[in-house]
>>> print(open('structure-v9.cif').read())   # mmCIF, C-alpha atoms
data_work
#
loop_
_atom_site.label_atom_id
_atom_site.label_comp_id
_atom_site.auth_asym_id
_atom_site.auth_seq_id
_atom_site.Cartn_x
_atom_site.Cartn_y
_atom_site.Cartn_z
CA MET Q 236 -7.04 13.36 32.52
CA SER Q 237 -5.93 16.63 34.04
CA ASN Q 238 -2.68 18.39 33.25
CA SER Q 239 -1.89 18.97 36.91
CA GLY Q 240 1.29 16.90 36.98
CA HIS Q 241 2.58 13.35 37.13
CA ILE Q 242 0.50 10.62 38.70
CA SER Q 243 2.64 9.18 41.48
CA GLN Q 244 1.15 5.70 41.18
CA ILE Q 245 -1.48 3.92 39.14
CA ASP Q 246 -4.17 4.19 41.80
CA ASN Q 247 -6.68 5.85 39.49
CA LEU Q 248 -7.02 3.24 36.77
CA THR Q 249 -10.68 4.09 36.33
CA GLN Q 250 -9.69 7.62 35.36
CA ILE Q 251 -6.95 6.40 33.02
CA ARG Q 252 -9.22 3.82 31.40
CA ALA Q 253 -11.86 6.51 30.84
CA GLU Q 254 -9.37 8.12 28.45
CA PHE Q 255 -9.61 5.12 26.09
CA PRO Q 256 -13.04 4.90 24.43
CA ILE Q 257 -12.28 1.63 22.65
CA LEU Q 258 -11.93 -0.25 25.95
CA HIS Q 259 -15.56 0.36 26.90
CA GLN Q 260 -17.23 -2.16 24.64
CA GLN Q 261 -18.26 -5.77 24.64
CA VAL Q 262 -16.72 -8.46 22.44
CA ASN Q 263 -18.74 -11.63 22.02
CA GLY Q 264 -21.01 -10.46 24.81
CA LYS Q 265 -18.15 -9.97 27.28
CA PRO Q 266 -16.31 -6.81 28.40
CA LEU Q 267 -13.23 -6.32 26.24
CA VAL Q 268 -9.92 -7.27 27.84
CA TYR Q 269 -7.21 -6.00 25.52
CA PHE Q 270 -3.89 -7.84 25.90
CA ASP Q 271 -2.47 -7.32 22.41
CA ASN Q 272 -0.55 -4.18 23.26
CA ALA Q 273 2.76 -5.44 21.88
CA ALA Q 274 1.14 -5.46 18.45
CA SER Q 275 -0.42 -2.02 18.89
CA ASN Q 276 -1.81 -0.30 21.93
CA GLN Q 277 -4.96 1.80 22.13
CA LYS Q 278 -5.25 5.58 21.84
CA PRO Q 279 -6.38 8.07 24.49
CA LEU Q 280 -8.94 10.78 23.83
CA SER Q 281 -6.23 13.42 23.78
CA VAL Q 282 -4.64 11.78 20.73
CA LEU Q 283 -7.99 11.30 18.99
CA ASN Q 284 -8.83 14.93 19.67
CA ALA Q 285 -5.45 16.10 18.36
CA LEU Q 286 -6.12 14.33 15.07
CA ASP Q 287 -9.59 15.82 14.83
CA HIS Q 288 -8.37 19.32 15.71
CA TYR Q 289 -5.64 19.24 13.10
CA TYR Q 290 -7.96 18.23 10.27
CA ARG Q 291 -10.72 20.61 11.35
CA ASN Q 292 -8.51 23.66 11.88
CA ASP Q 293 -4.92 23.49 10.66
CA HIS Q 294 -4.53 21.15 7.70
CA ALA Q 295 -2.24 22.30 4.90
CA ASN Q 296 0.94 21.04 3.30
CA ILE Q 297 4.03 21.92 5.27
CA HIS Q 298 7.37 23.68 4.74
CA ARG Q 299 6.33 25.19 1.41
CA GLY Q 300 3.39 27.53 1.84
CA ILE Q 301 3.49 31.04 3.25
CA HIS Q 302 -0.20 31.27 4.13
CA THR Q 303 -1.43 30.99 7.71
CA LEU Q 304 -2.65 27.37 7.61
CA ALA Q 305 0.61 26.19 6.07
CA GLU Q 306 2.57 28.01 8.75
CA ARG Q 307 0.41 26.54 11.55
CA ALA Q 308 0.73 23.01 10.16
CA THR Q 309 4.48 23.40 9.75
CA GLU Q 310 4.89 24.69 13.28
CA ALA Q 311 2.86 21.80 14.72
CA TYR Q 312 4.85 19.25 12.69
CA GLU Q 313 8.20 20.65 13.76
CA LEU Q 314 7.07 20.89 17.39
CA SER Q 315 6.53 17.12 17.24
CA ARG Q 316 10.09 16.69 16.03
CA LYS Q 317 11.39 18.84 18.88
CA ARG Q 318 9.26 17.00 21.46
CA THR Q 319 10.43 13.62 20.16
CA ALA Q 320 14.06 14.70 20.43
CA GLU Q 321 13.44 15.66 24.06
CA PHE Q 322 11.60 12.38 24.75
CA ILE Q 323 14.59 10.23 23.73
CA ASN Q 324 17.24 12.85 24.62
CA ALA Q 325 18.64 13.31 21.12
CA ALA Q 326 21.32 15.97 20.91
CA GLU Q 327 19.22 18.06 18.50
CA PRO Q 328 15.87 17.88 16.66
CA GLU Q 329 17.69 17.51 13.33
CA GLU Q 330 18.68 13.99 14.40
CA ILE Q 331 14.99 12.98 14.28
CA ILE Q 332 13.68 11.60 10.99
CA PHE Q 333 9.99 10.87 10.66
CA THR Q 334 9.21 7.55 8.96
CA SER Q 335 6.19 5.29 8.59
CA GLY Q 336 7.36 3.11 11.48
CA THR Q 337 10.21 1.09 12.93
CA THR Q 338 10.30 -1.12 9.85
CA GLU Q 339 10.99 1.80 7.54
CA GLY Q 340 13.57 3.21 9.95
CA LEU Q 341 15.58 -0.02 9.93
CA ASN Q 342 15.24 -0.33 6.17
CA LEU Q 343 16.43 3.26 5.79
CA VAL Q 344 19.65 2.49 7.66
CA ALA Q 345 20.26 -0.70 5.68
CA SER Q 346 19.50 0.97 2.35
CA THR Q 347 21.56 4.13 2.90
CA TYR Q 348 24.32 3.60 5.45
CA GLY Q 349 24.66 -0.06 4.47
CA ARG Q 350 24.74 0.41 0.72
CA LYS Q 351 27.16 3.33 0.80
CA LEU Q 352 29.59 2.35 3.54
CA LEU Q 353 29.76 -1.47 3.56
CA LYS Q 354 31.97 -3.53 1.25
CA PRO Q 355 32.00 -7.22 0.20
CA GLY Q 356 33.15 -9.40 3.07
CA ASP Q 357 31.94 -7.02 5.78
CA GLU Q 358 29.77 -8.44 8.55
CA VAL Q 359 26.42 -7.58 10.12
CA LEU Q 360 25.65 -9.04 13.56
CA ILE Q 361 22.13 -9.57 14.94
CA THR Q 362 20.58 -11.86 17.57
CA ASN Q 363 18.26 -14.83 17.31
CA MET Q 364 15.37 -12.93 18.94
CA GLU Q 365 14.98 -10.25 16.27
CA HIS Q 366 11.70 -9.25 14.67
CA HIS Q 367 11.61 -9.92 10.94
CA SER Q 368 12.00 -6.17 10.42
CA ASN Q 369 15.47 -6.44 11.94
CA ILE Q 370 16.38 -9.55 9.95
CA VAL Q 371 15.08 -9.22 6.41
CA PRO Q 372 16.61 -5.78 5.56
CA TRP Q 373 20.04 -7.09 6.59
CA GLN Q 374 19.56 -10.29 4.62
CA MET Q 375 18.67 -8.23 1.56
CA LEU Q 376 21.71 -6.00 2.08
CA CYS Q 377 24.03 -8.99 2.60
CA GLU Q 378 22.81 -10.63 -0.60
CA GLU Q 379 23.20 -7.43 -2.59
CA LYS Q 380 26.63 -6.44 -1.20
CA ASP Q 381 28.11 -9.92 -0.59
CA LEU Q 382 28.21 -9.43 3.18
CA LYS Q 383 28.06 -11.98 5.99
CA LEU Q 384 25.15 -12.06 8.45
CA LYS Q 385 26.09 -13.45 11.86
CA VAL Q 386 23.67 -14.34 14.65
CA LEU Q 387 24.12 -14.38 18.43
CA PRO Q 388 22.25 -17.38 19.92
CA LEU Q 389 19.91 -17.49 22.93
CA ARG Q 390 19.74 -19.25 26.26
CA ASP Q 391 16.67 -21.29 27.11
CA ASN Q 392 15.33 -18.48 29.30
CA GLY Q 393 15.26 -16.07 26.35
CA GLU Q 394 18.42 -14.11 27.11
CA VAL Q 395 21.13 -13.61 24.50
CA LYS Q 396 24.43 -15.39 25.10
CA TRP Q 397 26.30 -12.11 25.45
CA GLU Q 398 29.44 -13.91 26.57
CA LEU Q 399 29.89 -14.82 22.87
CA LEU Q 400 29.86 -11.22 21.72
CA ASP Q 401 33.62 -10.64 21.95
CA SER Q 402 34.39 -13.68 19.80
CA MET Q 403 31.73 -12.78 17.20
CA LEU Q 404 32.89 -9.19 16.81
CA THR Q 405 35.69 -9.15 14.25
CA GLU Q 406 37.64 -6.57 12.29
CA ARG Q 407 35.06 -6.99 9.52
CA THR Q 408 32.00 -6.29 11.73
CA ARG Q 409 30.43 -3.05 10.53
CA ILE Q 410 26.88 -3.11 11.94
CA VAL Q 411 25.42 -4.62 15.11
CA SER Q 412 21.61 -4.38 15.09
CA ILE Q 413 19.72 -5.43 18.21
CA VAL Q 414 16.19 -5.24 19.55
CA HIS Q 415 15.96 -3.26 22.80
CA ALA Q 416 13.06 -5.37 24.11
CA SER Q 417 11.79 -8.54 22.46
CA ASN Q 418 8.24 -8.42 21.15
CA SER Q 419 7.84 -12.19 21.63
CA LEU Q 420 9.60 -12.78 24.94
CA GLY Q 421 9.75 -9.38 26.62
CA THR Q 422 13.51 -9.77 27.17
CA ILE Q 423 15.31 -6.44 27.71
CA ASN Q 424 18.76 -6.29 26.15
CA PRO Q 425 21.58 -4.31 27.85
CA ILE Q 426 22.12 -1.76 25.09
CA SER Q 427 24.25 0.73 27.01
CA GLU Q 428 26.58 -2.07 28.17
CA LEU Q 429 27.07 -3.24 24.59
CA SER Q 430 27.78 0.06 22.89
CA ASP Q 431 31.39 0.40 24.05
CA LYS Q 432 32.32 -3.07 22.80
CA VAL Q 433 30.56 -2.49 19.49
CA HIS Q 434 32.30 0.83 18.93
CA GLN Q 435 35.70 -0.50 20.00
CA ALA Q 436 35.31 -3.13 17.29
CA GLY Q 437 34.79 -0.36 14.73
CA ALA Q 438 31.09 -1.09 14.21
CA ILE Q 439 27.94 0.97 14.68
CA LEU Q 440 25.04 0.06 16.94
CA VAL Q 441 21.49 0.06 15.53
CA VAL Q 442 18.61 -0.45 17.97
CA ASP Q 443 15.07 -1.65 17.22
CA GLY Q 444 13.13 0.22 19.89
CA ALA Q 445 9.59 -0.64 18.82
CA GLN Q 446 8.73 -2.55 21.99
CA ALA Q 447 10.84 -0.49 24.37
CA SER Q 448 9.69 3.04 23.59
CA ALA Q 449 6.50 3.01 25.71
CA HIS Q 450 7.85 0.76 28.45
CA LEU Q 451 11.43 1.81 29.19
CA GLU Q 452 13.29 5.06 29.75
CA ILE Q 453 14.97 5.92 26.45
CA ASP Q 454 18.07 8.13 26.41
CA VAL Q 455 19.89 7.67 23.12
CA GLN Q 456 22.91 9.63 24.30
CA ALA Q 457 23.29 7.48 27.42
CA LEU Q 458 22.73 4.34 25.34
CA ASN Q 459 25.35 5.68 22.90
CA CYS Q 460 23.64 3.98 19.99
CA ASP Q 461 24.17 5.25 16.46
CA PHE Q 462 20.58 4.72 15.34
CA TYR Q 463 17.35 4.07 17.24
CA ALA Q 464 14.04 3.26 15.52
CA LEU Q 465 10.58 3.37 17.10
CA SER Q 466 6.88 3.43 16.18
CA SER Q 467 4.15 5.82 17.31
CA HIS Q 468 1.40 3.19 17.40
CA LYS Q 469 3.23 1.18 20.06
CA MET Q 470 3.16 4.22 22.38
CA TYR Q 471 -0.46 5.42 22.33
CA GLY Q 472 0.00 7.33 19.07
CA PRO Q 473 -1.40 6.90 15.55
CA THR Q 474 -0.34 4.22 13.10
CA GLY Q 475 1.75 5.12 10.10
CA VAL Q 476 4.30 7.22 12.02
CA GLY Q 477 7.74 6.24 13.18
CA VAL Q 478 11.00 7.84 14.17
CA LEU Q 479 14.55 7.09 13.20
CA TYR Q 480 17.09 8.76 15.44
CA GLY Q 481 20.57 8.93 13.99
CA LYS Q 482 23.76 10.64 15.07
CA ARG Q 483 24.34 13.70 12.91
CA LYS Q 484 27.77 12.47 11.76
CA TRP Q 485 26.16 9.41 10.15
CA LEU Q 486 23.05 11.09 8.78
CA GLU Q 487 25.18 13.63 6.95
CA LYS Q 488 27.24 10.86 5.30
CA MET Q 489 24.20 8.85 4.19
CA PRO Q 490 22.57 9.38 0.78
CA PRO Q 491 18.83 10.10 0.53
CA TYR Q 492 16.46 7.18 0.92
CA LYS Q 493 13.78 8.43 -1.48
CA GLY Q 494 13.70 11.14 -4.14
CA GLY Q 495 11.05 13.80 -4.68
CA GLY Q 496 9.82 17.05 -3.27
CA GLU Q 497 10.95 18.44 0.09
CA MET Q 498 14.29 16.59 0.18
CA ILE Q 499 15.92 18.89 -2.37
CA LYS Q 500 17.64 22.26 -2.41
CA GLU Q 501 17.72 22.65 -6.17
CA VAL Q 502 16.73 20.48 -9.10
CA THR Q 503 17.83 20.88 -12.70
CA LEU Q 504 17.59 18.29 -15.45
CA GLU Q 505 21.32 17.78 -15.09
CA LYS Q 506 21.79 17.61 -11.31
CA THR Q 507 20.01 17.74 -7.95
CA THR Q 508 21.39 19.03 -4.67
CA TYR Q 509 19.82 17.70 -1.49
CA SER Q 510 18.43 19.36 1.61
CA ASP Q 511 20.15 19.27 4.96
CA ILE Q 512 19.13 16.72 7.57
CA PRO Q 513 16.49 15.74 8.51
CA HIS Q 514 14.61 16.87 5.39
CA LYS Q 515 17.02 14.97 3.13
CA PHE Q 516 15.27 11.79 4.29
CA GLU Q 517 11.66 13.02 4.22
CA ALA Q 518 10.69 13.11 0.55
CA GLY Q 519 7.13 14.02 -0.43
CA THR Q 520 4.15 15.09 1.63
CA PRO Q 521 4.52 13.41 5.02
CA ASN Q 522 1.89 11.93 7.31
CA ILE Q 523 1.34 15.36 8.87
CA ALA Q 524 -1.72 14.78 11.03
CA ASP Q 525 -0.41 11.62 12.65
CA VAL Q 526 2.99 13.19 13.32
CA VAL Q 527 1.23 16.11 15.01
CA ALA Q 528 -0.87 13.74 17.13
CA PHE Q 529 2.22 11.74 18.03
CA LYS Q 530 3.38 14.70 20.12
CA THR Q 531 0.16 14.40 22.13
CA ALA Q 532 0.87 10.69 22.71
CA ILE Q 533 4.30 11.57 24.10
CA GLU Q 534 2.69 14.13 26.38
CA PHE Q 535 0.24 11.46 27.60
CA ILE Q 536 3.17 9.22 28.58
CA ASP Q 537 5.01 12.07 30.23
CA GLU Q 538 1.96 13.14 32.23
CA ILE Q 539 1.67 9.73 33.83
CA GLY Q 540 5.45 9.31 34.03
CA LYS Q 541 7.58 6.55 32.57
CA ASN Q 542 8.63 5.21 35.96
CA THR Q 543 5.00 4.96 37.06
CA ILE Q 544 4.12 3.09 33.87
CA ILE Q 545 7.08 0.75 34.31
CA GLN Q 546 6.14 -0.06 37.92
CA HIS Q 547 2.52 -0.73 37.00
CA GLU Q 548 3.35 -2.99 34.06
CA ASN Q 549 5.95 -4.88 36.11
CA LYS Q 550 3.29 -5.53 38.74
CA LEU Q 551 1.01 -6.98 36.06
CA LEU Q 552 3.87 -9.01 34.58
CA ASN Q 553 4.98 -10.53 37.88
CA HIS Q 554 1.41 -11.39 38.82
CA ALA Q 555 0.77 -12.99 35.43
CA HIS Q 556 3.95 -15.08 35.62
CA ALA Q 557 3.13 -16.37 39.08
CA GLU Q 558 -0.49 -17.24 38.28
CA LEU Q 559 0.08 -18.73 34.82
CA GLU Q 560 2.81 -21.06 36.07
CA ALA Q 561 0.23 -22.72 38.31
CA ILE Q 562 -1.86 -23.90 35.34
CA ASP Q 563 -1.28 -27.57 34.62
CA GLY Q 564 0.56 -28.08 31.34
CA LEU Q 565 1.22 -24.37 30.69
CA ARG Q 566 4.82 -23.47 29.88
CA LEU Q 567 6.15 -19.92 29.85
CA ILE Q 568 8.40 -19.09 26.90
CA GLY Q 569 10.89 -16.40 27.88
CA THR Q 570 11.75 -16.01 31.54
CA ALA Q 571 14.63 -13.54 31.39
CA ALA Q 572 15.51 -11.66 34.55
CA GLU Q 573 14.80 -8.32 32.86
CA LYS Q 574 11.55 -8.09 30.89
CA VAL Q 575 8.91 -5.66 29.69
CA GLY Q 576 5.24 -6.60 30.13
CA VAL Q 577 5.06 -9.49 27.66
CA VAL Q 578 4.08 -13.05 28.56
CA SER Q 579 4.39 -15.81 25.95
CA PHE Q 580 3.26 -19.34 26.68
CA VAL Q 581 2.15 -22.66 25.26
CA VAL Q 582 -0.15 -25.31 26.70
CA ASP Q 583 0.68 -28.97 26.19
CA GLY Q 584 -1.67 -30.60 23.72
CA VAL Q 585 -3.51 -27.39 22.75
CA HIS Q 586 -2.70 -25.40 19.63
CA HIS Q 587 -1.93 -21.74 20.30
CA PHE Q 588 -4.41 -20.65 17.64
CA ASP Q 589 -7.22 -22.59 19.32
CA LEU Q 590 -6.40 -20.98 22.65
CA GLY Q 591 -6.55 -17.54 21.06
CA VAL Q 592 -9.95 -18.21 19.51
CA MET Q 593 -11.38 -19.58 22.75
CA LEU Q 594 -10.09 -16.59 24.72
CA ASP Q 595 -11.66 -14.26 22.16
CA THR Q 596 -15.06 -15.82 22.84
CA LYS Q 597 -14.57 -14.57 26.40
CA GLY Q 598 -13.71 -11.05 25.19
CA ILE Q 599 -9.97 -11.46 25.81
CA ALA Q 600 -7.72 -10.26 22.99
CA VAL Q 601 -4.29 -11.93 22.81
CA ARG Q 602 -1.93 -12.56 19.93
CA THR Q 603 -1.14 -16.04 18.67
CA GLY Q 604 1.46 -17.23 16.17
CA HIS Q 605 5.15 -16.57 15.61
CA HIS Q 606 4.85 -12.79 16.20
CA CYS Q 607 7.11 -12.06 13.21
CA THR Q 608 9.95 -13.89 14.96
CA GLN Q 609 10.06 -17.25 13.17
CA PRO Q 610 13.79 -17.87 13.80
CA LEU Q 611 13.14 -17.33 17.51
CA MET Q 612 10.31 -19.85 17.49
CA GLU Q 613 12.59 -22.37 15.78
CA CYS Q 614 14.98 -22.05 18.74
CA TYR Q 615 12.22 -23.41 20.96
CA GLY Q 616 10.92 -25.94 18.44
CA LEU Q 617 7.59 -24.13 18.26
CA GLU Q 618 5.27 -22.93 15.52
CA GLY Q 619 4.06 -20.14 17.77
CA THR Q 620 2.89 -19.08 21.20
CA VAL Q 621 0.03 -17.28 22.88
CA ARG Q 622 1.18 -13.79 23.84
CA ALA Q 623 -0.43 -11.49 26.38
CA SER Q 624 1.11 -8.02 26.54
CA PHE Q 625 0.27 -5.31 29.03
CA SER Q 626 -0.21 -1.55 29.00
CA VAL Q 627 -0.91 1.25 31.44
CA TYR Q 628 -4.69 0.74 31.27
CA ASN Q 629 -4.66 -2.98 32.09
CA THR Q 630 -5.63 -4.22 35.55
CA ILE Q 631 -4.81 -7.04 37.93
CA GLU Q 632 -8.44 -8.12 37.63
CA GLU Q 633 -8.00 -8.51 33.87
CA VAL Q 634 -4.92 -10.66 34.42
CA ASP Q 635 -6.91 -12.80 36.85
CA LEU Q 636 -9.66 -13.17 34.26
CA LEU Q 637 -7.10 -14.33 31.68
CA VAL Q 638 -5.72 -16.90 34.13
CA GLU Q 639 -9.16 -18.15 35.17
CA SER Q 640 -10.28 -18.42 31.56
CA LEU Q 641 -7.18 -20.34 30.53
CA ASP Q 642 -7.50 -22.68 33.47
CA ALA Q 643 -11.15 -23.37 32.61
CA ILE Q 644 -10.34 -23.92 28.92
CA VAL Q 645 -7.50 -26.34 29.70
CA LYS Q 646 -9.59 -28.33 32.17
CA LYS Q 647 -12.52 -28.54 29.74
CA LEU Q 648 -10.33 -29.75 26.89
CA ARG Q 649 -8.79 -32.46 29.06
CA ASN Q 650 -12.07 -33.82 30.44
#
>>> encode(input="structure-v9.cif", output="structure tokens")
Amino acid sequence: MSNSGHISQIDNLTQIRAEFPILHQQVNGKPLVYFDNAASNQKPLSVLNALDHYYRNDHANIHRGIHTLAERATEAYELSRKRTAEFINAAEPEEIIFTSGTTEGLNLVASTYGRKLLKPGDEVLITNMEHHSNIVPWQMLCEEKDLKLKVLPLRDNGEVKWELLDSMLTERTRIVSIVHASNSLGTINPISELSDKVHQAGAILVVDGAQASAHLEIDVQALNCDFYALSSHKMYGPTGVGVLYGKRKWLEKMPPYKGGGEMIKEVTLEKTTYSDIPHKFEAGTPNIADVVAFKTAIEFIDEIGKNTIIQHENKLLNHAHAELEAIDGLRLIGTAAEKVGVVSFVVDGVHHFDLGVMLDTKGIAVRTGHHCTQPLMECYGLEGTVRASFSVYNTIEEVDLLVESLDAIVKKLRN
């Protein structure tokens, strides 16, 4: 793809798809149709080349060496931090902490902010659509600190019952932690509309942005959240890299998450003094190469343009909803008014796992199961769903193939 500016519309899908080598293969004798993007999307050549270039030319440990390779690696690593801050509109690069992923980011907040600043009887509020990564750390914290975990319920269409928020926020609420976009349903939550109420109640707002980061415009200052966690591999970047954004005022109050090299100013056998943010939270040798390549992934998104990506994925989503609803016995799970490109469904009388296996024989990759949202599935009385999730390189023709394949499978099973 050229660097000549934003693509005004996705009218050159062939060119975009050419950037993704993994898409050009056959699975079970059929052309691969990859609809498991909510789990992890694929990587463009520019990201693969960035990884290769780093290891071939620039690799060294960072922040400590004075030789040329160490300085080049450090500069590339810190450029990624700066570019990430710009991507989500953080006030400064120092508010960006590199982690292994969204899961570690949420655990970091629970383990540092939560352990230091919460007291027995305090409350943490989440919703019933959260990923396990935004449930389990708070459960662990509540058990350890004798806190209360409260849960906002859902409507049948997969939207949170936000009208209950005022009554569930109390003088003891300290943390409200919410997914920006549901990985199972696609539901987009109104983060910026919630932040004022959360802050007026004396609580902080933590956002799980794993599913939103590649599909929605992210401006943490406009959202006015206190923390925002995301993962590189959900946005065309490498696995093993994540970002935790935090407001400086909170990061400076929080103790370190891990101890070791890099996060210290001075160590004696009697006492250690810690580095300033963000290094206070980045102990040890980081995942340098993947952080460096993450910058290239951000640049890939920016070259196409977020709005262009959003429009394309919404077109795929709307088409998929309309066509899937016409299949006899198929029921969509999650029909919120505002969604990212995720479609979950069940088919009467057919196990979701069986549907996934049969689609795989046709080269179509979907996810089946509870999608790490078991409490959400319990709301619907389900063990799991089939989930198809879309990305910039998917096509209307691929959606049609999914629909035709499902229709054929259902008809065959019922004959």
>>> resolve_selection(input="structure-v9.cif", expression="the PyMOL selection byres ((chain Q and resi 618) around 12)", output="list in words")
Phe580, Val581, His586, His587, Phe588, Thr603, Gly604, His605, His606, Cys607, Thr608, Gln609, Pro610, Leu611, Met612, Glu613, Cys614, Tyr615, Gly616, Leu617, Gly619, Thr620 and Val621 of chain Q
>>> atom_distance(input="structure-v9.cif", atom1="CA of Leu384 in chain Q", atom2="CA of Val442 in chain Q")
16.4 Å
>>> atom_distance(input="structure-v9.cif", atom1="CA of Pro490 in chain Q", atom2="CA of Arg407 in chain Q")
22.4 Å
>>> resolve_selection(input="structure-v9.cif", expression="the PyMOL selection byres ((chain Q and resi 417) around 12)", output="PyMOL selection string")
chain Q and resi 273-274+362-367+369+393-395+413-416+418-425+442-448+450+568-571+573-579+606-608+611+622+624
>>> resolve_selection(input="structure-v9.cif", expression="the PyMOL selection byres ((chain Q and resi 630) around 12)", output="number ranges by chain")
Q: 245-249, 251-252, 268-270, 547-552, 554-555, 624-629, 631-637
>>> residues_around(input="structure-v9.cif", residues="Thr337 in chain Q", least_positions_apart="5", cutoff="9 Å", atoms="only C-alpha atoms", output="ChimeraX atom specification")
/Q:342,368,443-445,463-467,476-479
>>> residues_around(input="structure-v9.cif", residues="Asp461 in chain Q", least_positions_apart="5", cutoff="7 Å", atoms="all atoms listed in the file", output="list of chain:residue names")
Q:Ile439, Q:Leu440, Q:Val441, Q:Gly481, Q:Lys482
>>> residues_around(input="structure-v9.cif", residues="Lys484 in chain Q", least_positions_apart="5", cutoff="12 Å", atoms="all atoms listed in the file", output="list in words")
Ala326, Glu329, Glu330, Tyr348, Ile439, Asp461, Phe462, Met489 and Ile512 of chain Q
>>> residues_around(input="structure-v9.cif", residues="Ile297 in chain Q", least_positions_apart="6", cutoff="10 Å", atoms="all atoms listed in the file", output="list in words")
Leu304, Ala305, Glu306, Arg307, Ala308, Thr309, Glu310, Ala311, Tyr312, Glu313, Glu497, Thr520, Pro521 and Ile523 of chain Q
>>> atom_distance(input="structure-v9.cif", atom1="CA of Ala320 in chain Q", atom2="CA of Tyr480 in chain Q")
8.3 Å
>>> closest_residue(input="structure-v9.cif", among="Q:Lys500, Q:Lys493, Q:Arg318, Q:Lys597", to="Phe529 in chain Q", atoms="only C-alpha atoms")
Q:Arg318
>>> closest_residue(input="structure-v9.cif", among="Q:Thr596, Q:Ser427, Q:Lys432, Q:Asp525", to="Asn263 in chain Q", atoms="only C-alpha atoms")
Q:Thr596
>>> closest_residue(input="structure-v9.cif", among="Q:Ser640, Q:Asn542, Q:Ser402, Q:Asn522", to="Thr474 in chain Q", atoms="all atoms listed in the file")
Q:Asn522
>>> closest_residue(input="structure-v9.cif", among="Q:Ala295, Q:Ala623, Q:Leu594, Q:Leu353", to="Asp642 in chain Q", atoms="all atoms listed in the file")
Q:Leu594
>>> closest_residue(input="structure-v9.cif", among="Q:Leu565, Q:Leu360, Q:Ile426, Q:Val433", to="Ile453 in chain Q", atoms="all atoms listed in the file")
Q:Ile426
>>> closest_residue(input="structure-v9.cif", among="Q:Gly496, Q:Gly336, Q:Gly472, Q:Pro279", to="Glu254 in chain Q", atoms="all atoms listed in the file")
Q:Pro279
>>> residues_around(input="structure-v9.cif", residues="Val282 in chain Q", least_positions_apart="2", cutoff="10 Å", atoms="only C-alpha atoms", output="VMD selection string")
chain Q and resid 254 to 255 278 to 280 284 to 288 471 to 473 525 527 to 535
